[in-house]
$ cat upload16.cif   # mmCIF, C-alpha atoms and all ligand atoms
data_final
#
loop_
_atom_site.label_atom_id
_atom_site.label_comp_id
_atom_site.auth_asym_id
_atom_site.auth_seq_id
_atom_site.Cartn_x
_atom_site.Cartn_y
_atom_site.Cartn_z
CA MET A 1 36.65 -167.73 136.37
CA GLY A 2 40.21 -167.34 137.62
CA ILE A 3 42.95 -169.93 137.45
CA VAL A 4 44.57 -171.30 140.60
CA HIS A 5 48.24 -172.33 140.71
CA ALA A 6 49.84 -174.15 143.64
CA ILE A 7 53.61 -173.79 144.10
CA ALA A 8 54.73 -177.06 145.66
CA ASN A 9 57.78 -179.12 146.55
CA GLN A 10 58.11 -180.95 149.85
CA LYS A 11 61.71 -179.79 150.10
CA GLY A 12 62.32 -176.58 152.00
CA GLY A 13 64.44 -173.76 150.64
CA VAL A 14 63.95 -174.54 146.94
CA GLY A 15 62.34 -171.21 146.03
CA LYS A 16 58.60 -171.85 146.49
CA THR A 17 57.89 -168.64 148.36
CA THR A 18 60.24 -166.55 146.22
CA THR A 19 58.48 -167.89 143.13
CA THR A 20 54.99 -167.38 144.56
CA VAL A 21 55.62 -163.77 145.53
CA ASN A 22 57.51 -162.78 142.41
CA VAL A 23 55.51 -164.52 139.72
CA SER A 24 52.36 -163.10 141.35
CA ALA A 25 53.81 -159.59 141.32
CA CYS A 26 54.67 -159.91 137.61
CA VAL A 27 51.18 -161.14 136.74
CA ALA A 28 49.71 -158.28 138.81
CA GLU A 29 52.01 -155.82 137.02
CA ALA A 30 50.56 -157.05 133.72
CA GLY A 31 47.16 -155.86 134.96
CA TYR A 32 45.57 -159.06 136.24
CA SER A 33 43.89 -159.12 139.63
CA THR A 34 46.03 -161.53 141.60
CA LEU A 35 45.79 -163.23 144.98
CA ILE A 36 48.49 -164.97 147.00
CA VAL A 37 47.40 -167.41 149.69
CA ASP A 38 50.17 -168.14 152.19
CA LEU A 39 49.71 -171.75 153.32
CA ASP A 40 52.96 -172.10 155.26
CA ALA A 41 53.09 -171.62 159.04
CA GLN A 42 56.50 -170.03 158.55
CA CYS A 43 54.64 -167.08 157.01
CA ASN A 44 57.50 -166.13 154.68
CA ALA A 45 55.22 -164.84 151.92
CA THR A 46 53.20 -162.85 154.47
CA VAL A 47 56.26 -161.24 156.04
CA GLY A 48 57.99 -160.85 152.66
CA LEU A 49 55.06 -158.71 151.52
CA GLY A 50 55.42 -156.46 154.54
CA PHE A 51 52.75 -157.90 156.84
CA ASP A 52 52.92 -158.87 160.47
CA LYS A 53 52.26 -162.59 160.91
CA THR A 54 50.22 -162.22 164.08
CA VAL A 55 47.57 -159.64 163.22
CA GLY A 56 44.24 -160.00 161.49
CA PRO A 57 42.42 -163.00 160.15
CA SER A 58 44.67 -165.59 158.50
CA ILE A 59 44.28 -168.71 156.41
CA TYR A 60 44.23 -170.62 159.70
CA ASP A 61 41.06 -168.78 160.74
CA VAL A 62 39.55 -169.68 157.36
CA ILE A 63 40.49 -173.37 157.69
CA SER A 64 39.17 -173.46 161.24
CA GLY A 65 35.84 -172.02 160.11
CA ARG A 66 36.17 -168.76 162.04
CA CYS A 67 35.92 -166.59 158.93
CA GLU A 68 35.38 -166.68 155.19
CA MET A 69 38.31 -166.39 152.80
CA THR A 70 36.93 -163.03 151.57
CA ASP A 71 37.25 -161.64 155.12
CA ALA A 72 40.92 -162.61 155.27
CA VAL A 73 41.97 -160.95 151.99
CA VAL A 74 44.17 -157.85 152.41
CA ALA A 75 45.43 -155.49 149.71
CA THR A 76 49.23 -155.32 149.45
CA ALA A 77 51.38 -152.28 148.59
CA VAL A 78 51.48 -153.60 145.01
CA ASP A 79 48.65 -152.68 142.60
CA ASN A 80 46.35 -155.61 141.72
CA LEU A 81 48.01 -157.85 144.32
CA SER A 82 46.15 -159.14 147.38
CA LEU A 83 47.13 -161.61 150.09
CA VAL A 84 45.53 -164.05 152.47
CA PRO A 85 48.15 -164.09 155.24
CA SER A 86 49.32 -167.10 157.19
CA SER A 87 49.93 -167.30 160.91
CA PRO A 88 52.22 -169.48 163.06
CA ASP A 89 49.06 -171.26 164.38
CA LEU A 90 48.77 -172.92 160.99
CA ALA A 91 51.38 -175.41 162.23
CA GLY A 92 48.50 -177.06 164.11
CA ALA A 93 46.60 -177.72 160.90
CA SER A 94 48.67 -180.82 160.09
CA VAL A 95 47.30 -182.39 163.28
CA GLU A 96 43.78 -180.98 163.00
CA LEU A 97 43.08 -181.58 159.31
CA PRO A 98 43.16 -185.40 159.44
CA ARG A 99 40.50 -185.26 162.18
CA MET A 100 38.21 -182.99 160.19
CA GLU A 101 35.61 -184.56 157.95
CA GLY A 102 36.16 -183.64 154.31
CA SER A 103 39.44 -181.94 155.16
CA GLU A 104 40.87 -182.53 151.69
CA ALA A 105 38.23 -180.13 150.33
CA VAL A 106 38.80 -177.40 152.92
CA ILE A 107 40.97 -175.16 150.71
CA ARG A 108 38.87 -175.76 147.62
CA ASN A 109 35.70 -174.77 149.50
CA ALA A 110 37.42 -171.76 151.03
CA LEU A 111 38.57 -170.57 147.61
CA ALA A 112 35.07 -170.74 146.16
CA SER A 113 34.24 -167.32 147.59
CA VAL A 114 37.27 -165.60 146.00
CA ARG A 115 37.84 -167.52 142.77
CA GLU A 116 35.58 -165.25 140.75
CA LYS A 117 37.27 -162.11 142.01
CA PHE A 118 40.83 -162.86 140.93
CA ASP A 119 42.22 -163.67 137.50
CA TYR A 120 45.12 -165.55 139.10
CA THR A 121 45.49 -167.14 142.53
CA PHE A 122 48.85 -168.52 143.68
CA LEU A 123 48.99 -170.90 146.66
CA ASP A 124 52.33 -171.04 148.50
CA CYS A 125 52.61 -174.58 149.94
CA PRO A 126 54.46 -175.68 153.07
CA PRO A 127 57.58 -177.87 152.74
CA SER A 128 55.85 -181.24 153.17
CA LEU A 129 53.47 -183.61 151.41
CA GLY A 130 51.19 -183.53 154.46
CA PRO A 131 47.44 -182.91 154.64
CA LEU A 132 47.71 -179.17 154.03
CA THR A 133 49.63 -179.66 150.79
CA VAL A 134 47.18 -182.37 149.72
CA ALA A 135 44.22 -180.04 150.40
CA THR A 136 46.03 -177.27 148.51
CA LEU A 137 46.68 -179.47 145.47
CA ALA A 138 43.06 -180.62 145.61
CA ALA A 139 42.07 -176.95 145.22
CA ALA A 140 44.46 -176.05 142.39
CA ASP A 141 44.14 -176.16 138.61
CA ARG A 142 47.89 -176.16 138.05
CA VAL A 143 51.03 -176.87 140.01
CA ILE A 144 54.41 -175.22 139.57
CA VAL A 145 57.32 -177.23 141.02
CA PRO A 146 60.45 -175.23 141.85
CA VAL A 147 63.58 -177.37 141.70
CA GLN A 148 66.84 -176.05 143.06
CA THR A 149 69.73 -176.72 140.69
CA GLU A 150 71.84 -178.60 143.21
CA TYR A 151 73.03 -182.15 143.64
CA PHE A 152 69.89 -183.66 145.21
CA ALA A 153 67.50 -181.82 142.87
CA LEU A 154 65.71 -184.91 141.58
CA GLU A 155 65.39 -186.51 144.97
CA GLY A 156 61.80 -186.41 146.19
CA LEU A 157 60.41 -185.36 142.81
CA ALA A 158 59.07 -188.86 142.13
CA GLY A 159 57.14 -188.74 145.41
CA LEU A 160 55.69 -185.37 144.54
CA LEU A 161 54.66 -186.52 141.06
CA ASP A 162 53.01 -189.63 142.59
CA THR A 163 51.08 -187.40 144.98
CA VAL A 164 49.97 -185.16 142.12
CA ALA A 165 48.83 -188.23 140.13
CA LEU A 166 46.91 -189.57 143.14
CA ILE A 167 45.16 -186.26 143.68
CA GLN A 168 44.30 -186.05 139.97
CA ARG A 169 42.76 -189.51 140.16
CA GLU A 170 40.97 -189.32 143.47
CA MET A 171 40.04 -185.72 144.08
CA ASN A 172 40.86 -183.21 141.40
CA PRO A 173 40.86 -184.30 137.75
CA ASN A 174 41.50 -180.66 136.76
CA LEU A 175 44.96 -180.63 138.30
CA ARG A 176 47.82 -180.37 135.80
CA ILE A 177 51.51 -179.71 136.18
CA SER A 178 52.15 -176.28 134.72
CA GLY A 179 55.88 -176.88 134.85
CA MET A 180 59.05 -177.51 136.77
CA LEU A 181 61.13 -174.44 137.44
CA LEU A 182 64.90 -174.49 137.86
CA THR A 183 65.79 -172.06 140.64
CA MET A 184 68.89 -170.56 142.26
CA HIS A 185 70.87 -171.50 139.19
CA ASP A 186 74.52 -170.54 139.43
CA GLY A 187 75.72 -170.29 135.83
CA ARG A 188 79.35 -170.25 136.90
CA THR A 189 79.29 -173.81 138.15
CA ARG A 190 79.56 -177.00 136.21
CA LEU A 191 77.23 -178.64 138.76
CA ALA A 192 74.35 -176.29 137.94
CA GLU A 193 74.78 -176.99 134.22
CA ASP A 194 74.86 -180.75 134.86
CA VAL A 195 71.76 -180.66 137.06
CA GLU A 196 69.89 -178.55 134.51
CA ARG A 197 70.73 -181.02 131.75
CA GLU A 198 69.70 -183.97 133.91
CA VAL A 199 66.36 -182.46 134.91
CA ARG A 200 65.59 -181.47 131.30
CA GLU A 201 66.44 -185.00 130.12
CA HIS A 202 64.17 -186.56 132.74
CA PHE A 203 61.24 -184.19 132.15
CA PRO A 204 61.66 -182.79 128.63
CA GLU A 205 58.11 -181.46 128.32
CA LEU A 206 57.72 -180.15 131.82
CA VAL A 207 60.69 -177.90 132.56
CA PHE A 208 60.11 -174.19 131.91
CA ASP A 209 62.53 -172.57 129.45
CA THR A 210 63.04 -169.80 131.99
CA VAL A 211 65.68 -170.54 134.61
CA ILE A 212 65.82 -168.42 137.78
CA PRO A 213 69.41 -167.37 138.46
CA ARG A 214 70.92 -167.10 141.90
CA ASN A 215 70.49 -163.37 142.47
CA VAL A 216 71.06 -161.53 145.74
CA ARG A 217 68.27 -159.04 144.96
CA LEU A 218 65.76 -161.90 145.18
CA ALA A 219 67.00 -162.70 148.67
CA GLU A 220 67.05 -159.05 149.79
CA ALA A 221 63.64 -157.95 148.50
CA PRO A 222 61.54 -159.69 151.23
CA SER A 223 63.33 -157.76 153.97
CA PHE A 224 61.91 -154.61 152.36
CA GLY A 225 58.46 -156.18 152.18
CA LEU A 226 58.53 -156.00 148.38
CA PRO A 227 58.50 -158.29 145.36
CA VAL A 228 61.78 -158.02 143.47
CA ILE A 229 60.29 -156.07 140.54
CA HIS A 230 59.40 -153.27 142.99
CA TYR A 231 62.71 -153.47 144.80
CA ASP A 232 65.06 -153.58 141.81
CA PRO A 233 63.09 -153.74 138.54
CA HIS A 234 66.16 -154.18 136.34
CA CYS A 235 68.04 -156.94 138.13
CA ALA A 236 68.46 -160.45 136.73
CA GLY A 237 65.88 -161.81 139.18
CA SER A 238 63.24 -159.38 137.93
CA ASP A 239 63.96 -160.25 134.29
CA ALA A 240 63.70 -163.97 135.07
CA TYR A 241 60.39 -163.74 136.95
CA PHE A 242 58.87 -161.56 134.19
CA ALA A 243 59.87 -164.21 131.66
CA LEU A 244 58.46 -166.95 133.86
CA ALA A 245 55.13 -165.12 134.33
CA LYS A 246 54.77 -165.00 130.54
CA GLU A 247 55.45 -168.71 130.25
CA VAL A 248 53.05 -169.57 133.05
CA ALA A 249 50.29 -167.48 131.42
CA ALA A 250 51.03 -169.00 128.00
CA ARG A 251 50.75 -172.56 129.36
CA GLY A 252 47.20 -171.65 130.55
P1 LIG A 301 60.95 -172.25 150.04
O1 LIG A 301 59.71 -171.42 150.06
O2 LIG A 301 60.90 -173.36 149.02
O3 LIG A 301 61.34 -172.76 151.39
P2 LIG A 301 62.34 -169.73 149.57
O4 LIG A 301 61.68 -169.13 148.38
O5 LIG A 301 61.94 -169.21 150.90
O6 LIG A 301 62.17 -171.32 149.53
O7 LIG A 301 63.91 -169.61 149.34
C1 LIG A 301 64.83 -170.06 150.33
C2 LIG A 301 65.90 -169.00 150.56
O8 LIG A 301 66.63 -168.79 149.36
C3 LIG A 301 65.32 -167.65 150.93
O9 LIG A 301 66.20 -167.02 151.84
C4 LIG A 301 65.30 -166.88 149.61
O10 LIG A 301 65.42 -165.48 149.81
C5 LIG A 301 66.52 -167.44 148.92
N1 LIG A 301 66.34 -167.48 147.47
C6 LIG A 301 65.31 -168.02 146.78
N2 LIG A 301 65.51 -167.94 145.45
C7 LIG A 301 66.70 -167.31 145.28
C8 LIG A 301 67.48 -166.94 144.14
N3 LIG A 301 67.06 -167.19 142.90
N4 LIG A 301 68.66 -166.31 144.35
C9 LIG A 301 69.10 -166.07 145.61
N5 LIG A 301 68.42 -166.41 146.71
C10 LIG A 301 67.24 -167.02 146.57
MG MG A 302 58.36 -171.07 151.63
#
$ encode --input "upload16.cif" --output "structure tokens"
Amino acid sequence: MGIVHAIANQKGGVGKTTTTVNVSACVAEAGYSTLIVDLDAQCNATVGLGFDKTVGPSIYDVISGRCEMTDAVVATAVDNLSLVPSSPDLAGASVELPRMEGSEAVIRNALASVREKFDYTFLDCPPSLGPLTVATLAAADRVIVPVQTEYFALEGLAGLLDTVALIQREMNPNLRISGMLLTMHDGRTRLAEDVEREVREHFPELVFDTVIPRNVRLAEAPSFGLPVIHYDPHCAGSDAYFALAKEVAARG
């Protein structure tokens, strides 16, 4: 039975998609069959893995009941790494889900048909705490929370942790926080050091040892449709995501 990680933070631009794509690629590189499910209507994970966001069945078709998750899985250019693409239509799901009976279980039910086939599944959440994120957290075993090392880093984290606690209580007792991940860390600035210290003081148990540095290769790789370890295997971003994948696997 595979393990399912959601990558969530209601803030945009904190490194959710970058983390989803790159930690998945590192786990796949280690030989585990790995699935990414793109749950954001912006389709950044889909496009960043070299797919067109308007062709073929997407997670929106799965949520709308037009196909099974298994029919939406595509193999990527990376060995052991598959994807369920998103589509811009998914933007409608935030309106449609609240009207659907049992909508909070829609992702969990959809995953049932693929869970056995993949050792690891990573769910790339949209930048909100709306119904799609709730349904995604209700389907996950673990959540990874990327936190950008900038001034407002801690803002919104309390709301996210409350949501996780609510979902644990009401819908998904399996859900656990795998860890908080400091991203886009600029080691040359005092601010980044201060934010890192503050986040580690607030959440001593939760923060991963691995810190993701600000690294231009991480930003360039999606435009080549590749995870960073296939674009520039020896850059600082690749080293960091390899280290993170080990920590994520070790936390179980
Ligand atoms: P989110 O999914 O949370 O909105 P993204 O992963 O898309 O965030 O990251 C936002 C932007 O920052 C993207 O353009 C991405 O390429 C860039 N980015 C993410 N992480 C890094 C990093 N460690 N170094 C440099 N750029 C990064
Ligand atoms: Mg994203």
$ residues_near_ligand --input "upload16.cif" --ligand "ligand LIG 301 (chain A)" --cutoff "6 Å" --atoms "only C-alpha atoms and all ligand atoms" --output "PDB file with C-alpha atoms, in the frame of the given file"
ATOM      1  CA  GLY A  12      62.320-176.580 152.000  1.00  0.00           C
ATOM      2  CA  GLY A  13      64.440-173.760 150.640  1.00  0.00           C
ATOM      3  CA  VAL A  14      63.950-174.540 146.940  1.00  0.00           C
ATOM      4  CA  GLY A  15      62.340-171.210 146.030  1.00  0.00           C
ATOM      5  CA  LYS A  16      58.600-171.850 146.490  1.00  0.00           C
ATOM      6  CA  THR A  17      57.890-168.640 148.360  1.00  0.00           C
ATOM      7  CA  THR A  18      60.240-166.550 146.220  1.00  0.00           C
ATOM      8  CA  THR A 183      65.790-172.060 140.640  1.00  0.00           C
ATOM      9  CA  MET A 184      68.890-170.560 142.260  1.00  0.00           C
ATOM     10  CA  ILE A 212      65.820-168.420 137.780  1.00  0.00           C
ATOM     11  CA  PRO A 213      69.410-167.370 138.460  1.00  0.00           C
ATOM     12  CA  ARG A 214      70.920-167.100 141.900  1.00  0.00           C
ATOM     13  CA  ASN A 215      70.490-163.370 142.470  1.00  0.00           C
ATOM     14  CA  VAL A 216      71.060-161.530 145.740  1.00  0.00           C
ATOM     15  CA  LEU A 218      65.760-161.900 145.180  1.00  0.00           C
ATOM     16  CA  ALA A 219      67.000-162.700 148.670  1.00  0.00           C
TER      17      ALA A 219
END
$ closest_residue --input "upload16.cif" --among "A:Val47, A:Leu35, A:Ala25, A:Ala105" --to "ligand MG 302 (chain A)" --atoms "all atoms listed in the file"
A:Val47
$ closest_atom_pairs --input "upload16.cif" --of "range 56-123 of chain A" --to "range 159-180 of chain A" --cutoff "12 Å" --atoms "only C-alpha atoms" --output "Markdown table"
| residue | atom | partner | partner_atom | distance |
| --- | --- | --- | --- | --- |
| A:Gly102 | CA | A:Met171 | CA | 11.1 |
| A:Ser103 | CA | A:Met171 | CA | 11.7 |
| A:Glu104 | CA | A:Met171 | CA | 8.3 |
| A:Ala105 | CA | A:Met171 | CA | 8.6 |
| A:Arg108 | CA | A:Asn172 | CA | 9.9 |
$ residues_near_ligand --input "upload16.cif" --ligand "ligand MG 302 (chain A)" --cutoff "12 Å" --atoms "only C-alpha atoms and all ligand atoms" --output "count of residues only"
36
$ residues_around --input "upload16.cif" --residues "Val114 in chain A" --least-positions-apart "4" --cutoff "9 Å" --atoms "all atoms listed in the file" --output "mmCIF file with C-alpha atoms, keeping the file's coordinate frame"
data_model
loop_
_atom_site.group_PDB
_atom_site.id
_atom_site.type_symbol
_atom_site.label_atom_id
_atom_site.label_comp_id
_atom_site.auth_asym_id
_atom_site.auth_seq_id
_atom_site.Cartn_x
_atom_site.Cartn_y
_atom_site.Cartn_z
ATOM 1 C CA LEU A 35 45.790 -163.230 144.980
ATOM 2 C CA MET A 69 38.310 -166.390 152.800
ATOM 3 C CA THR A 70 36.930 -163.030 151.570
ATOM 4 C CA VAL A 73 41.970 -160.950 151.990
ATOM 5 C CA ALA A 110 37.420 -171.760 151.030
ATOM 6 C CA PHE A 118 40.830 -162.860 140.930
#
$ closest_residue --input "upload16.cif" --among "A:His5, A:Asn109, A:Val23, A:Leu191" --to "Gly237 in chain A" --atoms "all atoms listed in the file"
A:Val23
$ closest_residue --input "upload16.cif" --among "A:Ser87, A:Ser94, A:Asn22, A:Ser58" --to "Leu244 in chain A" --atoms "all atoms listed in the file"
A:Asn22
$ closest_residue --input "upload16.cif" --among "A:Ala250, A:Ser64, A:Pro204, A:Val78" --to "His230 in chain A" --atoms "all atoms listed in the file"
A:Val78
$ closest_residue --input "upload16.cif" --among "A:Asp79, A:Asp61, A:Glu116, A:Glu150" --to "Gly92 in chain A" --atoms "all atoms listed in the file"
A:Asp61
$ residues_near_point --input "upload16.cif" --point "(77.1, -173.7, 140.4)" --cutoff "12 Å" --atoms "all atoms listed in the file" --output "list in words"
Gln148, Thr149, Glu150, Tyr151, Thr183, Met184, His185, Asp186, Gly187, Arg188, Thr189, Arg190, Leu191, Ala192, Glu193, Asp194, Val195, Glu196, Pro213 and Arg214 of chain A
$ residues_around --input "upload16.cif" --residues "Asn80 in chain A" --least-positions-apart "5" --cutoff "9 Å" --atoms "all atoms listed in the file" --output "ChimeraX atom specification"
/A:25,27-29,31-35,75
$ write_last_selection --input "upload16.cif" --atoms "C-alpha atoms" --output "CSV table (one decimal), keeping the file's coordinate frame"
chain,number,residue,atom,x,y,z
A,25,ALA,CA,53.8,-159.6,141.3
A,27,VAL,CA,51.2,-161.1,136.7
A,28,ALA,CA,49.7,-158.3,138.8
A,29,GLU,CA,52.0,-155.8,137.0
A,31,GLY,CA,47.2,-155.9,135.0
A,32,TYR,CA,45.6,-159.1,136.2
A,33,SER,CA,43.9,-159.1,139.6
A,34,THR,CA,46.0,-161.5,141.6
A,35,LEU,CA,45.8,-163.2,145.0
A,75,ALA,CA,45.4,-155.5,149.7
$ atom_distance --input "upload16.cif" --atom1 "CA of Asp209 in chain A" --atom2 "CA of Val248 in chain A"
10.6 Å
$ atom_distance --input "upload16.cif" --atom1 "CA of Ala138 in chain A" --atom2 "CA of Leu182 in chain A"
24.0 Å
$ closest_residue --input "upload16.cif" --among "A:Glu205, A:Asp119, A:Glu101, A:Asp89" --to "Ala249 in chain A" --atoms "all atoms listed in the file"
A:Asp119
$ residues_near_point --input "upload16.cif" --point "(62.0, -152.8, 150.4)" --cutoff "10 Å" --atoms "only C-alpha atoms" --output "ChimeraX atom specification"
/A:48-50,220-228,230-232
$ atom_distance --input "upload16.cif" --atom1 "CA of Gly2 in chain A" --atom2 "CA of Asp141 in chain A"
9.7 Å
$ build_atoms --input "upload16.cif" --residues "range 139-161 of chain A" --atoms "N, CA, C and O atoms" --output "compact mmCIF listing (two decimals), keeping the file's coordinate frame"
# COMPACT_ATOMS: atom_id res chain seq x y z
N ALA A 139 42.77 -178.19 145.55
CA ALA A 139 42.07 -176.95 145.22
C ALA A 139 42.62 -176.27 143.97
O ALA A 139 42.06 -175.28 143.50
N ALA A 140 43.74 -176.77 143.45
CA ALA A 140 44.46 -176.05 142.39
C ALA A 140 44.12 -176.59 141.00
O ALA A 140 43.73 -177.74 140.84
N ASP A 141 44.26 -175.73 140.01
CA ASP A 141 44.14 -176.16 138.61
C ASP A 141 45.50 -176.59 138.06
O ASP A 141 45.58 -177.43 137.18
N ARG A 142 46.55 -175.93 138.57
CA ARG A 142 47.89 -176.16 138.05
C ARG A 142 48.86 -176.21 139.21
O ARG A 142 48.63 -175.58 140.24
N VAL A 143 49.97 -176.91 139.00
CA VAL A 143 51.03 -176.87 140.01
C VAL A 143 52.35 -176.52 139.34
O VAL A 143 52.67 -177.00 138.25
N ILE A 144 53.06 -175.61 139.99
CA ILE A 144 54.41 -175.22 139.57
C ILE A 144 55.36 -175.84 140.60
O ILE A 144 55.16 -175.67 141.80
N VAL A 145 56.39 -176.54 140.11
CA VAL A 145 57.32 -177.23 141.02
C VAL A 145 58.70 -176.59 140.91
O VAL A 145 59.42 -176.84 139.93
N PRO A 146 59.09 -175.77 141.88
CA PRO A 146 60.45 -175.23 141.85
C PRO A 146 61.45 -176.33 142.22
O PRO A 146 61.21 -177.11 143.13
N VAL A 147 62.54 -176.37 141.48
CA VAL A 147 63.58 -177.37 141.70
C VAL A 147 64.91 -176.63 141.79
O VAL A 147 65.31 -175.95 140.84
N GLN A 148 65.56 -176.74 142.91
CA GLN A 148 66.84 -176.05 143.06
C GLN A 148 67.91 -176.80 142.27
O GLN A 148 67.99 -178.02 142.35
N THR A 149 68.70 -176.06 141.51
CA THR A 149 69.73 -176.72 140.69
C THR A 149 70.94 -177.06 141.56
O THR A 149 71.97 -176.42 141.51
N GLU A 150 70.77 -178.11 142.35
CA GLU A 150 71.84 -178.60 143.21
C GLU A 150 71.83 -180.11 143.15
O GLU A 150 70.98 -180.72 142.51
N TYR A 151 72.77 -180.73 143.83
CA TYR A 151 73.03 -182.15 143.64
C TYR A 151 71.81 -183.04 143.87
O TYR A 151 71.54 -183.96 143.10
N PHE A 152 71.01 -182.77 144.91
CA PHE A 152 69.89 -183.66 145.21
C PHE A 152 68.59 -183.20 144.56
O PHE A 152 67.50 -183.53 145.02
N ALA A 153 68.69 -182.43 143.48
CA ALA A 153 67.50 -181.82 142.87
C ALA A 153 66.39 -182.81 142.58
O ALA A 153 65.22 -182.54 142.86
N LEU A 154 66.75 -183.97 142.02
CA LEU A 154 65.71 -184.91 141.58
C LEU A 154 65.13 -185.73 142.72
O LEU A 154 64.08 -186.33 142.59
N GLU A 155 65.85 -185.72 143.84
CA GLU A 155 65.39 -186.51 144.97
C GLU A 155 64.05 -185.96 145.48
O GLU A 155 63.88 -184.76 145.66
N GLY A 156 63.10 -186.85 145.68
CA GLY A 156 61.80 -186.41 146.19
C GLY A 156 60.83 -186.03 145.09
O GLY A 156 59.62 -185.99 145.32
N LEU A 157 61.34 -185.78 143.88
CA LEU A 157 60.41 -185.36 142.81
C LEU A 157 59.45 -186.49 142.44
O LEU A 157 58.28 -186.25 142.16
N ALA A 158 59.95 -187.73 142.47
CA ALA A 158 59.07 -188.86 142.13
C ALA A 158 57.90 -188.93 143.11
O ALA A 158 56.75 -189.13 142.70
N GLY A 159 58.20 -188.72 144.39
CA GLY A 159 57.14 -188.74 145.41
C GLY A 159 56.12 -187.64 145.18
O GLY A 159 54.90 -187.86 145.31
N LEU A 160 56.60 -186.48 144.81
CA LEU A 160 55.69 -185.37 144.54
C LEU A 160 54.81 -185.67 143.33
O LEU A 160 53.60 -185.45 143.35
N LEU A 161 55.43 -186.21 142.28
CA LEU A 161 54.66 -186.52 141.06
C LEU A 161 53.62 -187.61 141.34
O LEU A 161 52.51 -187.56 140.82
